[in-house]
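One file, entry-v1.pdb, is given below (PDB, C-alpha atoms).
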```pdb
ATOM      1  CA  MET A 388      10.396 102.533 -40.368
ATOM      2  CA  PHE A 389      11.810  99.222 -39.274
ATOM      3  CA  GLN A 390      13.369  98.563 -35.895
ATOM      4  CA  ILE A 391      17.021  97.493 -36.079
ATOM      5  CA  GLU A 392      18.309  95.187 -33.364
ATOM      6  CA  TYR A 393      21.737  93.611 -33.052
ATOM      7  CA  TYR A 394      21.811  89.958 -32.056
ATOM      8  CA  GLN A 395      23.338  89.626 -28.602
ATOM      9  CA  LEU A 396      25.084  86.510 -27.337
ATOM     10  CA  PRO A 397      24.150  85.305 -23.831
ATOM     11  CA  SER A 398      27.474  86.850 -22.714
ATOM     12  CA  GLY A 399      26.235  90.260 -23.852
ATOM     13  CA  ARG A 400      28.607  90.529 -26.811
ATOM     14  CA  CYS A 401      27.185  91.583 -30.218
ATOM     15  CA  PRO A 402      29.087  89.851 -33.049
ATOM     16  CA  ALA A 403      27.889  92.280 -35.747
ATOM     17  CA  LYS A 404      28.780  95.358 -33.697
ATOM     18  CA  ASP A 405      32.212  93.887 -32.943
ATOM     19  CA  PHE A 406      32.769  93.295 -36.651
ATOM     20  CA  ILE A 407      31.629  96.789 -37.653
ATOM     21  CA  GLU A 408      33.764  98.472 -34.991
ATOM     22  CA  GLY A 409      36.817  96.641 -36.374
ATOM     23  CA  LEU A 410      36.448  98.220 -39.815
ATOM     24  CA  SER A 411      38.133 101.409 -41.037
ATOM     25  CA  ASP A 412      36.312 104.699 -40.417
ATOM     26  CA  GLY A 413      35.198 104.941 -44.049
ATOM     27  CA  ALA A 414      33.889 101.389 -44.049
ATOM     28  CA  ILE A 415      32.039 101.967 -40.776
ATOM     29  CA  ALA A 416      30.327 105.005 -42.316
ATOM     30  CA  SER A 417      29.351 102.976 -45.391
ATOM     31  CA  VAL A 418      27.973 100.104 -43.301
ATOM     32  CA  LEU A 419      26.006 102.426 -41.032
ATOM     33  CA  ALA A 420      24.567 104.160 -44.110
ATOM     34  CA  ILE A 421      23.314 100.862 -45.560
ATOM     35  CA  ILE A 422      21.880  99.914 -42.147
ATOM     36  CA  ASP A 423      20.005 103.232 -42.229
ATOM     37  CA  VAL A 424      18.553 102.208 -45.610
ATOM     38  CA  LEU A 425      17.444  98.907 -44.045
ATOM     39  CA  GLU A 426      15.848 100.782 -41.170
ATOM     40  CA  LYS A 427      13.978 103.054 -43.540
ATOM     41  CA  TYR A 428      12.872 100.559 -46.212
ATOM     42  CA  GLY A 429      13.163  97.100 -44.612
ATOM     43  CA  ASN A 430      11.869  94.372 -46.881
ATOM     44  CA  LEU A 431      11.393  96.811 -49.766
ATOM     45  CA  ILE A 432      15.104  97.059 -50.530
ATOM     46  CA  GLY A 433      16.527  94.621 -53.006
ATOM     47  CA  GLU A 434      19.642  94.088 -55.032
ATOM     48  CA  PRO A 435      22.245  95.429 -55.112
ATOM     49  CA  GLU A 436      21.862  96.674 -51.512
ATOM     50  CA  SER A 437      20.279  93.528 -50.082
ATOM     51  CA  LYS A 438      19.958  89.934 -51.177
ATOM     52  CA  HIS A 439      18.063  86.919 -49.809
ATOM     53  CA  ILE A 440      20.598  84.156 -49.142
ATOM     54  CA  GLY A 441      18.240  81.415 -47.961
ATOM     55  CA  LYS A 442      16.507  80.132 -44.826
ATOM     56  CA  GLY A 443      15.077  83.558 -44.056
ATOM     57  CA  LEU A 444      18.487  85.218 -43.996
ATOM     58  CA  PHE A 445      19.535  88.271 -45.985
ATOM     59  CA  GLU A 446      22.780  90.090 -46.602
ATOM     60  CA  LEU A 447      23.291  93.840 -46.706
ATOM     61  CA  ARG A 448      25.924  94.645 -49.296
ATOM     62  CA  THR A 449      28.327  97.542 -49.596
ATOM     63  CA  ARG A 450      31.708  98.105 -51.200
ATOM     64  CA  THR A 451      34.355  99.886 -49.175
ATOM     65  CA  ARG A 452      38.113 100.376 -49.265
ATOM     66  CA  ASP A 453      38.244  97.383 -46.899
ATOM     67  CA  GLY A 454      36.507  95.222 -49.524
ATOM     68  CA  GLN A 455      32.985  93.965 -50.108
ATOM     69  CA  VAL A 456      31.369  94.162 -46.686
ATOM     70  CA  ARG A 457      28.407  91.933 -45.937
ATOM     71  CA  ILE A 458      26.109  92.201 -42.938
ATOM     72  CA  LEU A 459      23.730  89.278 -42.340
ATOM     73  CA  TYR A 460      20.257  89.780 -40.891
ATOM     74  CA  PHE A 461      16.716  88.425 -40.688
ATOM     75  CA  PHE A 462      13.237  89.825 -40.140
ATOM     76  CA  CYS A 463      11.357  89.136 -36.920
ATOM     77  CA  ARG A 464       7.947  90.085 -35.540
ATOM     78  CA  GLY A 465       6.698  92.387 -38.227
ATOM     79  CA  ARG A 466       8.938  95.377 -38.692
ATOM     80  CA  LYS A 467      12.036  94.249 -36.807
ATOM     81  CA  CYS A 468      15.379  93.450 -38.467
ATOM     82  CA  VAL A 469      17.915  91.517 -36.406
ATOM     83  CA  ILE A 470      21.530  91.924 -37.513
ATOM     84  CA  THR A 471      23.530  88.811 -36.700
ATOM     85  CA  ASN A 472      27.095  89.009 -38.018
ATOM     86  CA  GLY A 473      29.290  90.459 -40.731
ATOM     87  CA  PHE A 474      32.319  89.700 -42.839
ATOM     88  CA  ILE A 475      34.427  90.939 -45.725
ATOM     89  CA  LYS A 476      33.557  88.900 -48.778
ATOM     90  CA  LYS A 477      36.549  87.339 -50.538
ATOM     91  CA  GLN A 478      34.820  84.727 -52.703
ATOM     92  CA  SER A 479      31.714  84.521 -54.853
ATOM     93  CA  LYS A 480      29.524  82.778 -52.253
ATOM     94  CA  VAL A 481      28.776  83.579 -48.634
ATOM     95  CA  PRO A 482      31.308  81.597 -46.584
ATOM     96  CA  GLN A 483      29.635  78.544 -45.077
ATOM     97  CA  ARG A 484      31.002  79.404 -41.633
ATOM     98  CA  GLN A 485      29.331  82.833 -41.709
ATOM     99  CA  LEU A 486      26.057  81.386 -42.969
ATOM    100  CA  LEU A 487      26.021  78.728 -40.244
ATOM    101  CA  LEU A 488      26.749  81.369 -37.593
ATOM    102  CA  ALA A 489      23.841  83.508 -38.809
ATOM    103  CA  GLN A 490      21.532  80.474 -38.775
ATOM    104  CA  LYS A 491      22.664  79.579 -35.252
ATOM    105  CA  TYR A 492      22.151  83.153 -34.028
ATOM    106  CA  LYS A 493      18.717  83.341 -35.640
ATOM    107  CA  LYS A 494      17.628  80.056 -34.046
ATOM    108  CA  ASP A 495      18.902  81.178 -30.638
ATOM    109  CA  TYR A 496      17.238  84.588 -30.927
ATOM    110  CA  LEU A 497      13.875  83.118 -31.883
ATOM    111  CA  ALA A 498      14.063  80.498 -29.109
ATOM    112  CA  ARG A 499      14.746  83.222 -26.557
ATOM    113  CA  CYS A 500      11.794  85.245 -27.876
ATOM    114  CA  VAL A 501       9.484  82.258 -27.365
ATOM    115  CA  ASN A 502      10.857  81.682 -23.854
ATOM    116  CA  GLU A 503      10.334  85.353 -22.942
ATOM    117  CA  LYS A 504       6.689  85.098 -24.027
ATOM    118  CA  ASN A 505       6.187  81.993 -21.875
ATOM    119  CA  ASP A 506       7.738  83.510 -18.740
TER     120      ASP A 506
END
```
When written as structure tokens, how does the structure in this file appear?
Amino acid sequence: MFQIEYYQLPSGRCPAKDFIEGLSDGAIASVLAIIDVLEKYGNLIGEPESKHIGKGLFELRTRTRDGQVRILYFFCRGRKCVITNGFIKKQSKVPQRQLLLAQKYKKDYLARCVNEKND
């Protein structure tokens, strides 16, 4: 089993949770089911459920009535998966804005982990 953690902004808000909660009930169920797969199999899942998108980031993929839902995440400290943000995919590539947000959140998360170790 892998540990699932949602990235939390310094304000306490979780962008991925906010996104998921804004989806329809059916889409929420689908997203939570694919997160369960991530929790169970971690780095062993591959396409079509998960895809590496570069710089240590991955996307969980599911189709819902709301559209193609993508949840971005990265692996940290062994068996931990940190979910950063999500979006409904409307084009063939991951939107640059979403990718940059995930990179920013990952960098912030890892910096905070290092600071916690040094305290």
Exercise. Counting all atoms listed in the file, which residues come within 12 Å of (22.7, 101.1, -43.5), with the point read in the file's coordinates, and could you list them as number ranges by chain?
Worked result: A: 389, 391, 407, 414-429, 432, 436-437, 446-449, 456-460, 468, 470
Exercise. Got a sec to resolve the PyMOL selection byres ((chain A and resi 440) around 12) on this structure and send the residues as number ranges by chain?
Worked result: A: 433-434, 437-439, 441-448, 457-461, 480-483, 485-487, 489-490
Just the selected residues (C-alpha atoms), exported as a PDB file, keeping the file's coordinate frame, please.
```pdb
ATOM      1  CA  GLY A 433      16.527  94.621 -53.006  1.00  0.00           C
ATOM      2  CA  GLU A 434      19.642  94.088 -55.032  1.00  0.00           C
ATOM      3  CA  SER A 437      20.279  93.528 -50.082  1.00  0.00           C
ATOM      4  CA  LYS A 438      19.958  89.934 -51.177  1.00  0.00           C
ATOM      5  CA  HIS A 439      18.063  86.919 -49.809  1.00  0.00           C
ATOM      6  CA  GLY A 441      18.240  81.415 -47.961  1.00  0.00           C
ATOM      7  CA  LYS A 442      16.507  80.132 -44.826  1.00  0.00           C
ATOM      8  CA  GLY A 443      15.077  83.558 -44.056  1.00  0.00           C
ATOM      9  CA  LEU A 444      18.487  85.218 -43.996  1.00  0.00           C
ATOM     10  CA  PHE A 445      19.535  88.271 -45.985  1.00  0.00           C
ATOM     11  CA  GLU A 446      22.780  90.090 -46.602  1.00  0.00           C
ATOM     12  CA  LEU A 447      23.291  93.840 -46.706  1.00  0.00           C
ATOM     13  CA  ARG A 448      25.924  94.645 -49.296  1.00  0.00           C
ATOM     14  CA  ARG A 457      28.407  91.933 -45.937  1.00  0.00           C
ATOM     15  CA  ILE A 458      26.109  92.201 -42.938  1.00  0.00           C
ATOM     16  CA  LEU A 459      23.730  89.278 -42.340  1.00  0.00           C
ATOM     17  CA  TYR A 460      20.257  89.780 -40.891  1.00  0.00           C
ATOM     18  CA  PHE A 461      16.716  88.425 -40.688  1.00  0.00           C
ATOM     19  CA  LYS A 480      29.524  82.778 -52.253  1.00  0.00           C
ATOM     20  CA  VAL A 481      28.776  83.579 -48.634  1.00  0.00           C
ATOM     21  CA  PRO A 482      31.308  81.597 -46.584  1.00  0.00           C
ATOM     22  CA  GLN A 483      29.635  78.544 -45.077  1.00  0.00           C
ATOM     23  CA  GLN A 485      29.331  82.833 -41.709  1.00  0.00           C
ATOM     24  CA  LEU A 486      26.057  81.386 -42.969  1.00  0.00           C
ATOM     25  CA  LEU A 487      26.021  78.728 -40.244  1.00  0.00           C
ATOM     26  CA  ALA A 489      23.841  83.508 -38.809  1.00  0.00           C
ATOM     27  CA  GLN A 490      21.532  80.474 -38.775  1.00  0.00           C
TER      28      GLN A 490
END
```
Exercise. To one decimal place, how far is CA of Ser411 (chain A) from CA of Thr471 (chain A) in Å?
Worked result: 19.8 Å
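With CA of Asp412 (chain A) on one side and CA of Gln390 (chain A) on the other, the separation reads 24.2 Å.
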Seminar exercise, completed: From CA of Arg484 (chain A) to CA of Pro402 (chain A) the spacing works out at 13.7 Å
For this session: Please provide as a list in words all residues within 9 Å of Tyr496 (chain A), with the sequence filter that same-chain residues fewer than 6 positions apart are discarded (counting all atoms listed in the file).
Result: Tyr394, Gln395, Leu396 and Val469 of chain A
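For the residues A:Gly399, A:Gly413, A:Gly473, A:Pro435, ranking by smallest atom-to-atom distance to Asp453 (chain A) using all atoms listed in the file places A:Gly413 first.
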